[in-house]
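Visitor: What follows is the file entry_35.csv, containing CSV, C-alpha atoms:
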chain,number,residue,atom,x,y,z
A,27,MET,CA,0.0,0.0,0.0
A,28,VAL,CA,1.3,3.5,-1.0
A,29,ARG,CA,0.0,6.7,0.5
A,30,VAL,CA,-1.0,8.8,-2.5
A,31,ALA,CA,-2.1,12.4,-2.5
A,32,VAL,CA,-4.7,13.2,-5.2
A,33,VAL,CA,-4.8,17.0,-5.7
A,34,HIS,CA,-8.2,18.4,-7.0
A,35,HIS,CA,-8.9,21.8,-8.5
A,36,ASN,CA,-12.5,21.7,-9.6
A,37,ARG,CA,-15.4,19.8,-8.0
A,38,GLU,CA,-16.9,19.0,-11.4
A,39,ILE,CA,-13.9,17.0,-12.6
A,40,GLY,CA,-13.8,13.4,-11.4
A,41,ILE,CA,-10.9,11.0,-11.3
A,42,GLY,CA,-12.4,8.5,-13.8
A,43,ARG,CA,-10.2,5.6,-14.5
A,44,LEU,CA,-7.8,6.5,-11.7
A,45,GLU,CA,-10.3,5.2,-9.2
A,46,GLU,CA,-9.6,1.5,-9.9
A,47,PHE,CA,-5.9,2.0,-9.7
A,48,LEU,CA,-6.1,3.7,-6.3
A,49,VAL,CA,-7.9,0.7,-4.8
A,50,GLY,CA,-5.6,-0.9,-2.2
A,51,HIS,CA,-3.6,2.3,-1.7
A,52,ASP,CA,-4.1,5.0,1.0
A,53,LYS,CA,-5.7,7.8,-1.0
A,54,VAL,CA,-5.4,11.3,0.5
A,55,ASP,CA,-7.8,13.8,-1.3
A,56,VAL,CA,-6.4,17.3,-1.3
A,57,TRP,CA,-8.7,20.2,-2.3
A,58,ALA,CA,-6.2,22.7,-3.6
A,59,PRO,CA,-8.1,26.0,-3.1
A,60,GLU,CA,-8.3,25.3,0.7
A,61,ALA,CA,-5.4,22.9,1.1
A,62,THR,CA,-3.3,22.1,4.0
A,63,TYR,CA,-0.7,20.0,2.1
A,64,PRO,CA,0.4,16.7,3.6
A,65,ASP,CA,4.1,16.1,4.2
A,66,ASP,CA,3.9,12.3,4.6
A,67,VAL,CA,2.8,11.1,1.2
A,68,GLU,CA,4.7,8.6,-0.9
A,69,ALA,CA,3.3,9.7,-4.3
A,70,VAL,CA,1.2,12.5,-5.8
A,71,VAL,CA,-1.3,12.8,-8.6
A,72,VAL,CA,-2.2,16.3,-9.7
A,73,MET,CA,-5.5,16.6,-11.6
A,74,GLY,CA,-6.6,19.1,-14.2
A,75,GLY,CA,-8.6,22.2,-13.7
A,76,PHE,CA,-10.2,25.2,-15.4
A,77,MET,CA,-7.7,27.8,-14.2
A,78,GLY,CA,-4.3,28.6,-15.5
A,79,ALA,CA,-1.1,27.7,-13.6
A,80,TYR,CA,-0.1,31.4,-14.0
A,81,GLU,CA,-3.4,32.9,-12.7
A,82,THR,CA,-2.1,33.5,-9.2
A,83,ASP,CA,-3.8,36.9,-9.0
A,84,LEU,CA,-7.2,35.1,-9.3
A,85,HIS,CA,-6.2,32.0,-7.4
A,86,PRO,CA,-3.5,32.9,-4.9
A,87,TRP,CA,-3.5,29.3,-3.5
A,88,LEU,CA,-1.7,28.2,-6.7
A,89,VAL,CA,1.5,29.7,-5.2
A,90,ASP,CA,1.3,27.3,-2.2
A,91,GLU,CA,0.5,24.4,-4.5
A,92,SER,CA,3.5,25.1,-6.7
A,93,THR,CA,5.8,25.4,-3.7
A,94,TRP,CA,4.6,22.1,-2.3
A,95,LEU,CA,4.9,20.3,-5.7
A,96,ARG,CA,8.5,21.6,-6.0
A,97,LEU,CA,9.3,20.3,-2.6
A,98,GLN,CA,7.8,16.9,-3.4
A,99,VAL,CA,10.0,16.6,-6.5
A,100,GLU,CA,13.1,17.8,-4.7
A,101,SER,CA,12.4,15.1,-2.1
A,102,GLY,CA,12.2,12.4,-4.8
A,103,VAL,CA,8.4,11.7,-4.4
A,104,PRO,CA,6.9,10.3,-7.6
A,105,VAL,CA,4.6,13.0,-9.0
A,106,LEU,CA,2.2,12.6,-11.9
A,107,GLY,CA,0.8,15.9,-13.3
A,108,ILE,CA,-2.2,15.7,-15.6
A,109,CYS,CA,-3.1,18.6,-17.9
A,110,LEU,CA,-3.2,21.6,-15.4
A,111,GLY,CA,-1.0,19.3,-13.2
A,112,ALA,CA,1.6,19.1,-15.9
A,113,GLN,CA,1.5,22.9,-16.4
A,114,LEU,CA,1.9,23.4,-12.7
A,115,LEU,CA,4.9,21.1,-12.6
A,116,ALA,CA,6.6,22.9,-15.5
A,117,HIS,CA,5.8,26.3,-13.9
A,118,ALA,CA,7.0,25.3,-10.4
A,119,LEU,CA,10.2,23.7,-11.6
A,120,GLY,CA,11.7,26.5,-13.6
A,121,GLY,CA,9.6,26.5,-16.8
A,122,GLU,CA,6.6,28.6,-17.7
A,123,ALA,CA,2.9,28.0,-18.2
A,124,PHE,CA,0.9,30.4,-20.5
A,125,ARG,CA,-2.2,30.7,-22.6
A,126,ALA,CA,-1.7,28.8,-25.9
A,127,PRO,CA,-2.3,30.6,-29.2
A,128,ARG,CA,-5.1,28.2,-29.9
A,129,PRO,CA,-6.9,25.5,-27.8
A,130,GLU,CA,-6.3,21.9,-28.6
A,131,VAL,CA,-9.1,19.3,-28.1
A,132,GLY,CA,-10.0,15.9,-29.3
A,133,VAL,CA,-8.2,12.6,-29.8
A,134,VAL,CA,-4.8,13.7,-30.9
A,135,GLU,CA,-1.8,11.9,-32.3
A,136,LEU,CA,1.2,11.8,-30.1
A,137,HIS,CA,4.8,12.1,-31.5
A,138,TYR,CA,7.3,10.4,-29.2
A,139,THR,CA,10.9,11.5,-28.9
A,140,GLU,CA,13.6,8.8,-28.7
A,141,GLU,CA,13.5,9.1,-24.9
A,142,GLY,CA,9.7,8.9,-25.0
A,143,ARG,CA,9.6,5.7,-27.0
A,144,ARG,CA,11.9,4.1,-24.4
A,145,HIS,CA,10.1,5.5,-21.4
A,146,PRO,CA,8.5,2.6,-19.4
A,147,VAL,CA,5.4,4.7,-18.5
A,148,VAL,CA,4.7,7.4,-21.0
A,149,SER,CA,5.3,5.1,-24.0
A,150,ARG,CA,2.3,3.0,-22.8
A,151,LEU,CA,-0.1,5.8,-23.8
A,152,GLY,CA,-0.2,4.6,-27.4
A,153,GLU,CA,-0.4,6.5,-30.6
A,154,ARG,CA,-3.3,8.8,-29.6
A,155,ALA,CA,-4.8,10.4,-26.5
A,156,PHE,CA,-7.6,12.6,-25.5
A,157,LEU,CA,-6.6,16.2,-24.9
A,158,ALA,CA,-8.6,19.3,-23.9
A,159,HIS,CA,-6.6,22.4,-23.0
A,160,GLN,CA,-6.2,26.1,-23.6
A,161,ASP,CA,-2.8,26.5,-21.9
A,162,THR,CA,0.6,25.2,-22.7
A,163,PHE,CA,4.1,25.4,-21.2
A,164,ARG,CA,7.8,25.9,-21.7
A,165,LEU,CA,9.8,23.1,-20.2
A,166,PRO,CA,12.3,23.7,-17.4
A,167,SER,CA,15.9,23.5,-18.6
A,168,ASP,CA,16.5,20.1,-16.9
A,169,ALA,CA,13.3,18.5,-18.1
A,170,VAL,CA,13.3,15.9,-20.9
A,171,LEU,CA,10.6,16.1,-23.5
A,172,LEU,CA,8.9,12.7,-24.1
A,173,ALA,CA,6.1,13.4,-26.5
A,174,SER,CA,4.4,16.3,-28.3
A,175,THR,CA,1.4,16.9,-30.6
A,176,ASP,CA,1.6,18.8,-33.8
A,177,ARG,CA,1.3,22.0,-31.8
A,178,TYR,CA,2.4,21.6,-28.2
A,179,PRO,CA,4.5,19.6,-25.8
A,180,ALA,CA,2.5,16.6,-24.5
A,181,ALA,CA,4.7,14.8,-22.0
A,182,PHE,CA,7.9,15.3,-20.1
A,183,ARG,CA,9.9,14.0,-17.2
A,184,ILE,CA,11.9,15.9,-14.6
A,185,GLY,CA,13.4,14.3,-11.6
A,186,SER,CA,10.8,12.1,-9.9
A,187,ALA,CA,7.9,13.8,-11.8
A,188,ILE,CA,6.1,13.1,-15.1
A,189,GLY,CA,3.8,15.7,-16.7
A,190,ILE,CA,1.3,14.8,-19.4
A,191,GLN,CA,-1.0,17.2,-21.2
A,192,CYS,CA,-3.6,14.5,-22.1
A,193,HIS,CA,-6.4,13.0,-20.0
A,194,PRO,CA,-6.0,9.3,-19.7
A,195,GLU,CA,-8.1,9.4,-16.5
A,196,THR,CA,-11.2,10.6,-18.5
A,197,PRO,CA,-13.4,7.8,-20.1
A,198,VAL,CA,-15.5,8.6,-23.1
A,199,GLU,CA,-18.7,9.1,-21.2
A,200,GLU,CA,-17.1,11.7,-18.9
A,201,ALA,CA,-15.5,13.5,-21.8
A,202,ARG,CA,-18.9,13.8,-23.5
A,203,ARG,CA,-20.4,15.2,-20.2
A,204,TRP,CA,-17.9,18.0,-20.4
A,205,LEU,CA,-19.9,19.4,-23.3
A,206,ASP,CA,-22.6,20.3,-20.8
A,207,PHE,CA,-20.3,22.4,-18.7
A,208,PRO,CA,-21.1,26.1,-19.3
A,209,ASP,CA,-17.4,27.0,-19.1
A,210,PHE,CA,-16.3,24.3,-21.5
A,211,ASP,CA,-16.0,26.3,-24.7
A,212,ILE,CA,-12.6,24.9,-25.7
A,213,PRO,CA,-14.1,22.9,-28.7
A,214,GLU,CA,-15.8,26.0,-30.1
A,215,ARG,CA,-12.7,28.1,-29.7
A,216,ALA,CA,-10.6,25.4,-31.3
A,217,GLY,CA,-12.9,25.2,-34.3
A,218,VAL,CA,-14.1,21.7,-33.4
A,219,SER,CA,-17.8,21.0,-33.7
A,220,ARG,CA,-19.7,19.0,-31.1
A,221,GLU,CA,-20.3,16.3,-33.7
A,222,ARG,CA,-16.6,16.0,-34.5
A,223,TYR,CA,-15.6,16.0,-30.8
A,224,ILE,CA,-18.0,13.1,-30.1
A,225,SER,CA,-17.2,11.1,-33.2
A,226,GLU,CA,-13.4,11.2,-32.4
A,227,LEU,CA,-14.0,10.0,-28.9
A,228,GLU,CA,-16.2,7.1,-30.1
A,229,GLU,CA,-14.0,6.2,-33.0
A,230,HIS,CA,-10.8,5.8,-30.9
A,231,ALA,CA,-12.5,4.7,-27.6
A,232,GLN,CA,-11.0,1.2,-27.6
A,233,ALA,CA,-7.5,2.4,-28.3
A,234,THR,CA,-7.5,5.3,-25.9
A,235,ASP,CA,-9.0,3.2,-23.1
A,236,HIS,CA,-6.3,0.5,-23.6
A,237,GLY,CA,-3.5,3.1,-23.7
A,238,ALA,CA,-4.8,4.8,-20.5
A,239,ARG,CA,-5.0,1.6,-18.6
A,240,GLU,CA,-1.5,0.6,-19.7
A,241,PHE,CA,-0.2,4.0,-18.7
A,242,PHE,CA,-1.7,3.9,-15.2
A,243,ALA,CA,-0.8,0.3,-14.7
A,244,ALA,CA,2.8,1.1,-15.4
A,245,TRP,CA,2.9,4.3,-13.2
A,246,PHE,CA,1.3,2.6,-10.2
A,247,GLY,CA,3.3,-0.5,-10.8
A,248,ARG,CA,6.5,1.4,-10.4
A,249,LEU,CA,5.3,2.7,-7.1
A,250,ILE,CA,5.3,-0.9,-5.8
A,251,GLY,CA,8.3,-2.1,-7.7
A,252,SER,CA,6.4,-3.8,-10.5
A,253,ASP,CA,5.5,-2.9,-14.1
A,254,ARG,CA,2.0,-4.1,-13.5
Would you mind writing the structure in this file as structure tokens?

Guide:
Amino acid sequence: MVRVAVVHHNREIGIGRLEEFLVGHDKVDVWAPEATYPDDVEAVVVMGGFMGAYETDLHPWLVDESTWLRLQVESGVPVLGICLGAQLLAHALGGEAFRAPRPEVGVVELHYTEEGRRHPVVSRLGERAFLAHQDTFRLPSDAVLLASTDRYPAAFRIGSAIGIQCHPETPVEEARRWLDFPDFDIPERAGVSRERYISELEEHAQATDHGAREFFAAWFGRLIGSDR
């Protein structure tokens, strides 16, 4: 059993596929806007959110979260940052998060670097993954890029941390539900119709589900000294 902190930023966003991989571990839910961060965890998963990692004027608590994440990585604690979580990691560790020129959404092809193809966790994501983001990031100088899309960095490693821009935790039914969120206008701003968004999810559902489960199995497996 591993004591795993799961950091949440929005009540509306669930943990999806992560739930089954946390069974048997000691899960510590952390609500970032009101957090007292634990100092006794053995792993951290940082979820996505609707805010930007750089919006500290609107969300001052992001400063404390970034500081805590930096300390976890400096202490060698395995950290997985998902979407906003990846942007926060980049921002906290010497890079920069910022608004992307254009949002990116849908089931998108991943282009792996040599390091990414060899990586025992990130390489398990497969050829495509579901993304939905309006921000991106510049990598810290000591980070290693593992994958990118046609437009933006998609995965990196730095010390004990992995950041991924995609959402392997989000099953198709959850991704469809996002269309009902009043603030989820990313598809419209990206020029992606509701019909295209849904059809991509459904067309690639089997492959993205397989890649997501392989990815989480590998990451959690390494926490307990096993690939599975």

Visitor: Which one of A:Pro104, A:Gly217, A:Gly142, A:Gly121 sits closest to Ala180 (chain A) if you count only C-alpha atoms?

Guide: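 Among A:Pro104, A:Gly217, A:Gly142, A:Gly121, it is A:Gly142 that comes nearest to Ala180 (chain A).
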
Visitor: Counting all atoms listed in the file, note down every residue that has an atom within 7 Å of the point (-12.0, 22.5, -27.3) (file coordinates), as a PyMOL selection string.

Guide: chain A and resi 129-131+158-159+211-216+218

Visitor: Could you pull the residues within 6 Å of Leu151 (chain A), counting all atoms listed in the file, minus those fewer than 2 positions along the same chain, as a PDB file with C-alpha atoms, in the frame of the given file?

Guide:
ATOM      1  CA  VAL A 148       4.700   7.400 -21.000  1.00  0.00           C
ATOM      2  CA  SER A 149       5.300   5.100 -24.000  1.00  0.00           C
ATOM      3  CA  GLY A 237      -3.500   3.100 -23.700  1.00  0.00           C
ATOM      4  CA  ALA A 238      -4.800   4.800 -20.500  1.00  0.00           C
ATOM      5  CA  PHE A 241      -0.200   4.000 -18.700  1.00  0.00           C
TER       6      PHE A 241
END

Visitor: May I ask for the distance between CA of Val49 (chain A) and CA of Met27 (chain A), given in Å to one decimal place?

Guide: 9.3 Å

Visitor: Could you give me, as an MDAnalysis selection string, the residues within 7 Å of Glu91 (chain A), counting only C-alpha atoms and dropping anything in the same chain fewer than 4 positions from it?

Guide: chainID A and resid 58 87 95

Visitor: Please report the interatomic distance between CA of Met73 (chain A) and CA of Arg220 (chain A) in Å with one decimal.

Guide: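 Going from CA of Met73 (chain A) over to CA of Arg220 (chain A) covers 24.2 Å.
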
Visitor: Write out as a list of chain:residue names the residues lying within 12 Å of Asp176 (chain A), counting only C-alpha atoms and excluding same-chain residues fewer than 2 positions away.

Guide: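 So the residues in contact are A:Glu130, A:Val134, A:Glu135, A:Leu136, A:His137, A:Tyr138, A:Arg154, A:Ala173, A:Ser174, A:Tyr178, A:Pro179, A:Ala180.
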
Visitor: Quick one: of A:Leu172, A:Leu249, A:Leu227, A:Glu68, who's nearest to Gly189 (chain A), counting all atoms listed in the file?

Guide: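 For Gly189 (chain A), the nearest of the given residues is A:Leu172.
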
Visitor: Using all atoms listed in the file, what residues lie at most 7 Å away from (-4.2, 20.4, -16.2) (file coordinates), given as a list in words?

Guide: Met73, Gly74, Gly75, Ile108, Cys109, Leu110, Gly111, Ala112, Gln113 and Gln191 of chain A
